[in-house]
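Data file: entry_26.txt. Format and content: compact mmCIF, C-alpha atoms.
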```txt
# COMPACT_ATOMS: atom_id res chain seq x y z
CA MET A 1 32.83 2.76 11.04
CA GLY A 2 30.91 3.20 7.83
CA TYR A 3 27.80 5.34 7.59
CA CYS A 4 25.34 6.55 4.98
CA PRO A 5 24.06 10.15 5.14
CA LEU A 6 20.39 10.74 4.36
CA ALA A 7 20.16 13.41 1.68
CA GLY A 8 17.18 15.39 0.51
CA VAL A 9 15.02 15.01 3.64
CA ARG A 10 13.31 18.26 4.55
CA ASN A 11 10.06 19.62 5.86
CA ILE A 12 7.87 20.59 2.93
CA THR A 13 4.15 21.06 2.40
CA GLY A 14 2.60 17.88 1.06
CA GLU A 15 5.54 15.64 1.95
CA SER A 16 4.79 11.95 2.11
CA ARG A 17 3.79 10.60 5.53
CA ALA A 18 5.15 7.16 4.67
CA SER A 19 8.76 6.48 5.59
CA ALA A 20 10.47 3.27 6.57
CA VAL A 21 13.87 1.63 6.93
CA LEU A 22 14.14 -2.15 6.58
CA ILE A 23 17.07 -4.10 8.04
CA LEU A 24 17.77 -7.62 6.74
CA ASN A 25 19.70 -9.92 9.06
CA ASP A 26 21.71 -13.02 8.31
CA PRO A 27 19.58 -15.83 9.78
CA ALA A 28 22.69 -17.80 10.76
CA THR A 29 24.60 -15.07 12.63
CA GLY A 30 22.01 -12.38 13.31
CA TYR A 31 24.28 -9.74 11.77
CA PRO A 32 22.57 -7.10 9.62
CA ILE A 33 23.43 -7.65 5.96
CA ALA A 34 21.40 -4.91 4.28
CA CYS A 35 19.66 -1.63 5.00
CA LEU A 36 16.87 -0.71 2.61
CA GLU A 37 14.68 2.39 2.26
CA SER A 38 11.36 0.60 2.66
CA SER A 39 8.45 2.99 2.14
CA ILE A 40 8.08 1.85 -1.47
CA ILE A 41 8.60 -1.81 -0.54
CA SER A 42 5.76 -1.53 1.98
CA ALA A 43 3.55 0.42 -0.44
CA VAL A 44 4.12 -2.08 -3.24
CA ARG A 45 3.37 -5.06 -0.99
CA THR A 46 0.19 -3.41 0.31
CA ALA A 47 -0.99 -2.28 -3.11
CA ALA A 48 -0.29 -5.64 -4.71
CA SER A 49 -2.43 -7.34 -2.06
CA ALA A 50 -5.22 -4.85 -2.78
CA ALA A 51 -5.05 -5.59 -6.51
CA LEU A 52 -5.07 -9.35 -5.80
CA ALA A 53 -8.08 -8.95 -3.53
CA ALA A 54 -9.92 -6.91 -6.14
CA ASP A 55 -9.27 -9.52 -8.81
CA ARG A 56 -10.46 -12.41 -6.62
CA LEU A 57 -13.45 -10.48 -5.30
CA ALA A 58 -14.49 -9.66 -8.85
CA ALA A 59 -14.15 -13.31 -9.84
CA ALA A 60 -16.28 -14.32 -6.86
CA ARG A 61 -18.99 -11.97 -8.11
CA GLY A 62 -19.12 -13.71 -11.47
CA GLY A 63 -16.14 -12.07 -13.16
CA ALA A 64 -17.57 -8.59 -13.76
CA ARG A 65 -15.06 -6.02 -12.50
CA PRO A 66 -16.37 -3.02 -10.55
CA ARG A 67 -16.40 0.24 -12.50
CA ARG A 68 -16.62 2.79 -9.66
CA LEU A 69 -13.51 2.90 -7.46
CA GLY A 70 -13.31 4.69 -4.12
CA PHE A 71 -10.31 5.55 -1.94
CA VAL A 72 -10.72 6.27 1.77
CA GLY A 73 -7.37 7.86 2.56
CA ALA A 74 -5.33 9.83 0.06
CA GLY A 75 -1.68 8.98 0.66
CA LEU A 76 1.10 6.89 -0.84
CA ILE A 77 -0.73 3.57 -0.42
CA ALA A 78 -3.76 4.82 -2.33
CA ARG A 79 -1.57 6.01 -5.20
CA PHE A 80 0.21 2.65 -5.47
CA ALA A 81 -3.08 0.74 -5.19
CA HIS A 82 -4.34 2.65 -8.22
CA THR A 83 -1.08 1.88 -10.05
CA TYR A 84 -1.42 -1.84 -9.43
CA LEU A 85 -5.11 -1.96 -10.30
CA THR A 86 -4.65 -0.18 -13.62
CA GLY A 87 -1.48 -2.17 -14.27
CA ASN A 88 -3.63 -5.29 -13.97
CA GLY A 89 -5.98 -4.02 -16.64
CA TRP A 90 -8.67 -2.41 -14.52
CA GLU A 91 -10.61 0.47 -16.06
CA PHE A 92 -13.03 2.73 -14.23
CA ASP A 93 -16.01 4.91 -15.07
CA GLU A 94 -15.41 7.05 -11.98
CA ILE A 95 -12.90 7.28 -9.13
CA GLY A 96 -13.88 8.71 -5.76
CA VAL A 97 -11.55 10.13 -3.11
CA HIS A 98 -12.15 10.95 0.56
CA ASP A 99 -9.66 12.04 3.20
CA LEU A 100 -10.13 13.81 6.52
CA LEU A 101 -7.85 16.58 5.21
CA ASP A 102 -9.09 18.45 2.16
CA GLU A 103 -5.58 19.17 0.86
CA HIS A 104 -4.80 15.45 0.82
CA SER A 105 -7.98 14.69 -1.10
CA ALA A 106 -7.14 17.42 -3.57
CA GLY A 107 -3.59 16.13 -3.98
CA LEU A 108 -4.62 12.56 -4.77
CA ALA A 109 -7.42 13.75 -7.03
CA SER A 110 -4.92 15.85 -8.98
CA TYR A 111 -2.62 12.85 -9.39
CA LEU A 112 -5.47 10.57 -10.50
CA ARG A 113 -6.63 13.06 -13.11
CA ARG A 114 -3.14 12.94 -14.60
CA ALA A 115 -2.80 9.17 -14.36
CA ASP A 116 -6.29 8.01 -15.36
CA SER A 117 -8.86 9.04 -17.94
CA ALA A 118 -11.77 8.32 -15.57
CA PRO A 119 -13.57 11.26 -13.94
CA VAL A 120 -12.40 11.85 -10.37
CA ARG A 121 -14.79 13.01 -7.65
CA VAL A 122 -13.81 14.26 -4.19
CA HIS A 123 -16.34 13.24 -1.51
CA ASN A 124 -16.86 15.25 1.64
CA SER A 125 -17.73 12.19 3.72
CA ALA A 126 -16.77 8.53 3.92
CA GLU A 127 -20.44 7.59 3.82
CA SER A 128 -20.95 9.38 0.51
CA LEU A 129 -17.94 7.64 -1.04
CA ILE A 130 -18.85 4.17 0.28
CA LYS A 131 -22.42 4.38 -0.95
CA ASP A 132 -21.29 5.59 -4.38
CA ALA A 133 -18.50 3.07 -5.08
CA ASP A 134 -18.44 -0.54 -6.28
CA LEU A 135 -14.88 -1.16 -5.05
CA ILE A 136 -13.51 0.64 -1.99
CA VAL A 137 -9.86 0.73 -0.91
CA PHE A 138 -9.16 1.75 2.68
CA ALA A 139 -5.71 3.31 2.83
CA THR A 140 -5.83 5.41 5.97
CA VAL A 141 -4.19 5.36 9.39
CA ALA A 142 -6.35 8.01 11.02
CA GLY A 143 -5.80 8.20 14.76
CA GLU A 144 -9.52 7.91 15.51
CA PRO A 145 -12.10 5.77 13.66
CA HIS A 146 -14.29 7.73 11.28
CA VAL A 147 -16.09 4.87 9.52
CA GLU A 148 -18.35 3.49 12.22
CA GLU A 149 -21.65 2.47 10.63
CA PRO A 150 -21.68 -1.28 9.80
CA SER A 151 -24.84 -0.94 7.74
CA TRP A 152 -22.83 0.87 5.03
CA PHE A 153 -21.16 -2.37 3.99
CA ALA A 154 -20.42 -6.03 4.89
CA HIS A 155 -17.41 -8.13 3.84
CA GLY A 156 -15.16 -11.17 4.62
CA THR A 157 -11.38 -11.31 4.88
CA LEU A 158 -9.13 -11.85 1.87
CA PHE A 159 -8.29 -15.31 3.23
CA ASP A 160 -11.99 -16.19 3.28
CA VAL A 161 -12.30 -15.11 -0.35
CA LEU A 162 -9.15 -16.95 -1.51
CA ALA A 163 -10.25 -20.10 0.34
CA GLY A 164 -13.75 -19.92 -1.12
CA LYS A 165 -15.31 -19.48 2.34
CA ALA A 166 -16.84 -16.03 1.80
CA ALA A 167 -19.84 -15.41 -0.39
CA VAL A 168 -19.41 -12.02 -2.04
CA PRO A 169 -22.73 -10.23 -2.59
CA ALA A 170 -23.25 -8.70 -6.01
CA ASP A 171 -25.57 -5.95 -4.76
CA GLN A 172 -23.30 -4.35 -2.14
CA PRO A 173 -19.98 -2.47 -2.18
CA VAL A 174 -16.94 -4.74 -1.92
CA VAL A 175 -14.35 -3.55 0.61
CA PHE A 176 -10.75 -4.67 1.10
CA SER A 177 -8.43 -3.06 3.64
CA PRO A 178 -4.93 -3.44 2.13
CA PHE A 179 -2.88 -3.72 5.30
CA GLY A 180 -0.85 -6.71 6.46
CA LEU A 181 1.97 -7.83 8.70
CA GLY A 182 5.41 -6.25 8.69
CA VAL A 183 6.93 -9.67 8.10
CA LEU A 184 5.52 -9.48 4.57
CA ASP A 185 7.76 -6.46 3.99
CA LEU A 186 10.71 -8.61 5.02
CA GLY A 187 9.79 -11.11 2.31
CA VAL A 188 9.57 -8.43 -0.37
CA GLY A 189 12.74 -6.78 0.96
CA ARG A 190 14.65 -10.04 0.68
CA PHE A 191 13.38 -10.46 -2.88
CA VAL A 192 14.62 -6.97 -3.75
CA TYR A 193 17.97 -7.63 -2.06
CA ASP A 194 18.48 -10.90 -3.97
CA ARG A 195 17.64 -9.22 -7.27
CA VAL A 196 20.08 -6.38 -6.60
CA VAL A 197 22.85 -8.84 -5.67
CA ALA A 198 22.20 -10.93 -8.79
CA ALA A 199 22.42 -7.79 -10.92
CA GLY A 200 25.73 -6.79 -9.38
CA GLN A 201 24.28 -3.47 -8.19
CA LEU A 202 24.72 -3.87 -4.44
CA ASP A 203 26.41 -0.91 -2.72
CA VAL A 204 28.60 -2.20 0.11
CA VAL A 205 29.68 -0.04 3.06
CA GLU A 206 33.16 -1.33 3.81
CA ASP A 207 34.30 -1.61 7.46
CA PHE A 208 30.77 -0.93 8.75
CA TYR A 209 31.45 -3.11 11.79
CA ALA A 210 34.14 -1.95 14.20
CA GLU A 211 35.39 -5.53 14.50
CA LEU A 212 34.12 -9.02 13.77
CA GLU A 213 36.58 -11.08 15.82
CA ARG A 214 35.18 -12.00 19.22
CA TYR A 215 38.53 -11.70 20.99
CA GLY A 216 40.11 -8.99 18.89
```
Before we go any further, please render this structure as structure tokens.
Amino acid sequence: MGYCPLAGVRNITGESRASAVLILNDPATGYPIACLESSIISAVRTAASAALAADRLAAARGGARPRRLGFVGAGLIARFAHTYLTGNGWEFDEIGVHDLLDEHSAGLASYLRRADSAPVRVHNSAESLIKDADLIVFATVAGEPHVEEPSWFAHGTLFDVLAGKAAVPADQPVVFSPFGLGVLDLGVGRFVYDRVVAAGQLDVVEDFYAELERYG
């Protein structure tokens, strides 16, 4: 029976909360064909959708891109959302950060100051950040809601924007929550798997299955 040990996993201060394992199955037989470390796959999928939403929301407002970015939640998703936004040519006059834990806010703020030339401001409340930002990215999985006042903002879904059904106001913050279905991770995972196979870089665990013959 083949196995793959997990190396380098330890309890450290500031370790990433995000972790995931993705199993791809052969649709014909149901047998697993690949096991992928999936935290980055999920983060990339989520962040890419956030960047797409930002681009379409900006276009719906007449093409002018927001200049003040705000992150509610200061983890891996927020970091990748910034990467995809700047990779798509976005530039900011200021970036705001808010997290329920001060050390998380400080950690993301430190990263952003290294990765971006824009000034970075840590907000002590979600309300302060929302009222100060033109574009807000929610990237938090807090156990209890902490953004409860609907008068702070109003928005439609990404589908409404893509389909031209949502009118995006130019005088209010634009909010997109970059979370989706797990099946989207399967799509990205299969894309990664196919690229790795095509490149001849697939690591195969020989004799992983005890036996494949039904009757031995």
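Taking CA of Leu101 in chain A and CA of Val44 in chain A as the two end points, the separation is 23.7 Å.
Residue nearest Glu94 in chain A, chosen from A:Phe80, A:Tyr31, A:Tyr209, A:Phe71 and counting only C-alpha atoms: A:Phe71.
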Fill in: Sel. within 12 Å of pt (3.8, -2.1, 2.1), counting all atoms listed in the file, output as a PyMOL selection string
chain A and resi 18-22+37-50+76-78+80-81+139+178-189
Practice prompt. Find, counting all atoms listed in the file, the residue in A:Leu112, A:Ala163, A:Val72, A:Ala118 that gets nearest to Phe138 in chain A.
Written response: A:Val72
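If you look at CA of Glu144 in chain A and CA of Ile95 in chain A, they are 24.9 Å away from each other.
Comparing the minimum interatomic distances between Asp99 in chain A and each of A:Arg61, A:Val120, A:Thr140, A:Cys35, counting only C-alpha atoms, we find that A:Thr140 sits nearest.
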Grab all the atoms of range 23-27 of chain A that the file lists, wrap them in a box along x, y and z, add 6 Å per side, and give me centre plus edge lengths in Å (one decimal) as JSON.
```
{"center_x": 19.4, "center_y": -10.0, "center_z": 8.3, "size_x": 16.6, "size_y": 23.7, "size_z": 15.0}
```
Worksheet item: Of the residues A:Gly75, A:His82, A:Leu212, A:Gly89, which is the one nearest to Asp55 in chain A, using only C-alpha atoms?
Response: A:Gly89
Worksheet item: Restricting the calculation to only C-alpha atoms, which member of A:Arg121, A:Val196, A:Ala51, A:Ala126 is positioned closest to Tyr84 in chain A?
Response: A:Ala51
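Across A:Leu108, A:Arg79, A:Val137, A:Leu36, the tightest approach to Ala54 in chain A is made by A:Val137 when counting only C-alpha atoms.
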Item to complete: Skip range 114-117 of chain A itself and residues of its chain fewer than 6 positions away, then list as a list in words all residues within 9 Å of it, counting all atoms listed in the file.
Response: Thr83, Thr86, Glu91, Phe92 and Asp93 of chain A
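Atom to atom, CA of Arg195 in chain A and CA of Leu162 in chain A stand 28.5 Å apart.
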